[in-house]
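Step one of this worksheet: look at the structure below.
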Amino acid sequence: MEMEVLGLLLMIVCVFLALVCCYYAWKVFDFLWLRPKRLEKVLRKLGLKGNPYRFLLGDLRDMARLSEEARSKPMASFGHDIVPRVTPSVPQILSKYGKDSFEWYGPIPSVIVWEPEHIREILSKNYIYQKPPANVAVQEIAKGVLWMEEEKWAKHRKLINPAFRVEKLKLMASSFYLSCYDMLSKWDEIIPNEGASELDVWPYLQTLTSDVISRTAFGSNYEEGRKIFELQREQAELVLKAILLVYIPGWRFLPTRNNRRMKEIVKIINSTLMSIIEKRMKLLEAGEGSSDDLLGLLLESNHKEIEVGGNKLGMSMEEVIEECKLFYFAGQETTSSLLVWTMILLAKYTDWQSRARDEVLQLFGKRKPEYQELNNLKIINMIFHETMRLYPPGIMIIRMTKEESKLGENLSLPAGVQLLLPIILLHHDKKIWGDDVKEFNPSRFSEGVSHATQGQMAYLPFGSGPRVCLGQNFAMTEAKMAMAIILQRYSFSLSPSYSHAPFTVFTLQPQHGAHLMLEKLKD
């Protein structure tokens with residue numbers, strides 16, 4: 001009798017496990033095949049065109065091949081028609097299927113949207129058009145507010161915002177100057193007093209922006225902050241390797257050398273940040289906390305919210321850590337990209353370099369620029385805008401439909417479709433910018449961005465709408481300080497060894513560095 005009962009129970013368990021396996025097998029089959037085919041059918045009915053869905057990979061293999069081909073050699077000459085090099089799959093799809101088209105990111109269709117009014121609608125309605133789930137490997141670098149939505153995003157945004165107000169940026173200007181001074185001190189040791197000498201400025205600009213983040217984020221813990229950045233840079237390289245691999249579910253859990261190192265780095269960074277934060281919290285609770293740096297401002301803002309409304313209104317220590325990591329990575333990447341392309345363009349167009357230097361010397365002479373004076377740099381501001389038009393730090397914005405959504409008057413998109421907003425295409429659109437769209441012409445911004453774009457949503461180096469980049473004023477202030485000090489002390493031109501090869505890692509970067517000929521200016 002007992003054997004019969006045990007046999008019956010075993011059979012029930014086996015049937016249950018079989019049903020569970022069938023259920024999950026069906027879910028996987030639906031995600032990888034049935035659902036993409038349903039979405040493809042809907043999109044084609046809407047008049048959108050693209051390649052037929054191919055199981056699992058979609059267009060990813062073609063994208064990887066095209067990117068590899070584009071990166072295999074630099075551009076034949078110095079020009080600004082960089083779209084085919086930095087995102088080769090998008091112009092190919094548009095050329096093949098027209099403006100109303102889509103491509104496949106694995107089993108997820110991505111509709112290419114580059115009508116300015118549609119983009120305005122997408123970026124303003126962040127409750128409908130949301131960020132797609134971040135690649136797990138990317139989240140190893142930092143999670144934070146960048147990947148959050150709805151109430152959680154609103155809470156974190158509110159808590160972080162005080163750290164980026166104008167009155168706080170004034171306190172950070174001296175840190176910007178110190179980091180710039182340190183970089184130029186190194187250049188002074190390398191560049192002779194007479195004549196020009198070649199220098200790859202790209203690694204120095206990366207170090208400059210990471211030093212700025214270290215000083216402004218951690219203040220007296222500056223050296224610990226620098227170590228964190230060095231680890232994050234290593235983490236980013238490992239993540240890039242992981243992204244380039246064909247996605248295999250569960251791969252990140254395997255004890256490969258890369259995976260083990262990524263986990264080790266996460267533990268070291270989290271442990272270091274937790275130690276810094278705990279010391280700060282003790283000072284804050286004792287009434288001795290300082291709010292001169294970003295970490296102090298964030299902890300102070302968070303502490304006030306918790307005192308008023310409890311833990312629900314504040315962030316946990318783990319969330320504070322992730323916000324610190326995100327600020328570190330995003331802040332360094334964006335500003336270093338802006339600075340390196342500005343130097344490359346001014347090295348090419350030396351007439352604009354002279355105009356920018358004249359402005360700096362007229363305003364400041366050879367002395368240290370004060371924070372409030374940086375807003376008077378009109379020519380440099382125009383140059384920055386034109387640099388980010390031609391070479392935006394981020395070349396794409398991606399959103400996803402949370403529910404069935406009507407875009408414009410005629411396009412009803414189903415839930416679960418990605419929307420690809422190609423910033424780089426908007427910035428290089430002849431219809432918006434005119435016949436000189438491929439030329440470096442800062443004068444187009446002489447009357448401001450709105451006049452240059454004729455009021456269209458066509459210039460998005462920092463995004464737009466409710467999710468516009470919180471750190472854009474920080475980045476622009478830092479960049480103005482750096483360029484002013486460089487122009488005070490050096491003239492520069494392109495080196496014969498410079499290779500023009502823009503490519504995208506997480507931001508748009510010079511693949512083979514930025515080799516310039518630098519010469520010290522006479523006092």
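Residues are named by chain letter and number: chains run A, B, ... in the order of the structure tokens, numbers start at 1 in each chain, and ligands are numbered from 1 in the order shown.
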Practice problem: Identify, on the basis of only C-alpha atoms, every residue whose closest approach to range 183-199 of chain A does not exceed 10 Å; exclude the query and any residue fewer than 4 positions from it along the same chain; express the result as a PyMOL selection string. | Solution: chain A and resi 177-179+203-205+207-208+211+482+485-486+489-498+513-522
Exercise. Please identify all polymer residues within 8 Å of Gly471 in chain A, counting only C-alpha atoms, omitting same-chain residues fewer than 4 positions from it, and present them as a PyMOL selection string.
Key: chain A and resi 164+331+475
Practice problem: Considering only C-alpha atoms, return as a VMD selection string whatever protein or nucleic-acid residues lie within 9 Å of Leu60 in chain A, sequence-local ones (same chain, fewer than 3 positions apart) excluded. | Solution: chain A and resid 57 63 to 65 104 to 106 246
Keeping C-alpha atoms, export the residues of the selection given above as a short mmCIF file (atom, residue, chain, number, x, y, z; two decimals), in the first residue's frame.
```
data_model
loop_
_atom_site.label_atom_id
_atom_site.label_comp_id
_atom_site.auth_asym_id
_atom_site.auth_seq_id
_atom_site.Cartn_x
_atom_site.Cartn_y
_atom_site.Cartn_z
CA LEU A 57 19.55 37.03 -33.29
CA MET A 63 25.04 44.81 -37.08
CA ALA A 64 28.16 43.20 -35.63
CA ARG A 65 29.59 42.52 -39.10
CA TRP A 104 15.70 43.66 -34.98
CA TYR A 105 17.69 43.77 -31.73
CA GLY A 106 17.47 40.03 -31.17
CA VAL A 246 26.25 36.49 -28.53
#
```
Exercise. Using only C-alpha atoms, find the one residue out of A:Glu234, A:Glu40, A:Glu305, A:Glu403 that sits nearest to Gly416 in chain A.
Key: A:Glu403
Quiz prompt | Expected answer as a VMD selection string: helix (DSSP H, G or I) residues in range 320-426 of chain A | solution = chain A and resid 320 to 348 350 to 364 371 to 376 378 to 390 423 to 426
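Minimum atom-to-atom distance to Lys378 in chain A, evaluated using only C-alpha atoms, belongs to A:Ala484 out of A:Leu9, A:Ala484, A:Ile432, A:Met274.
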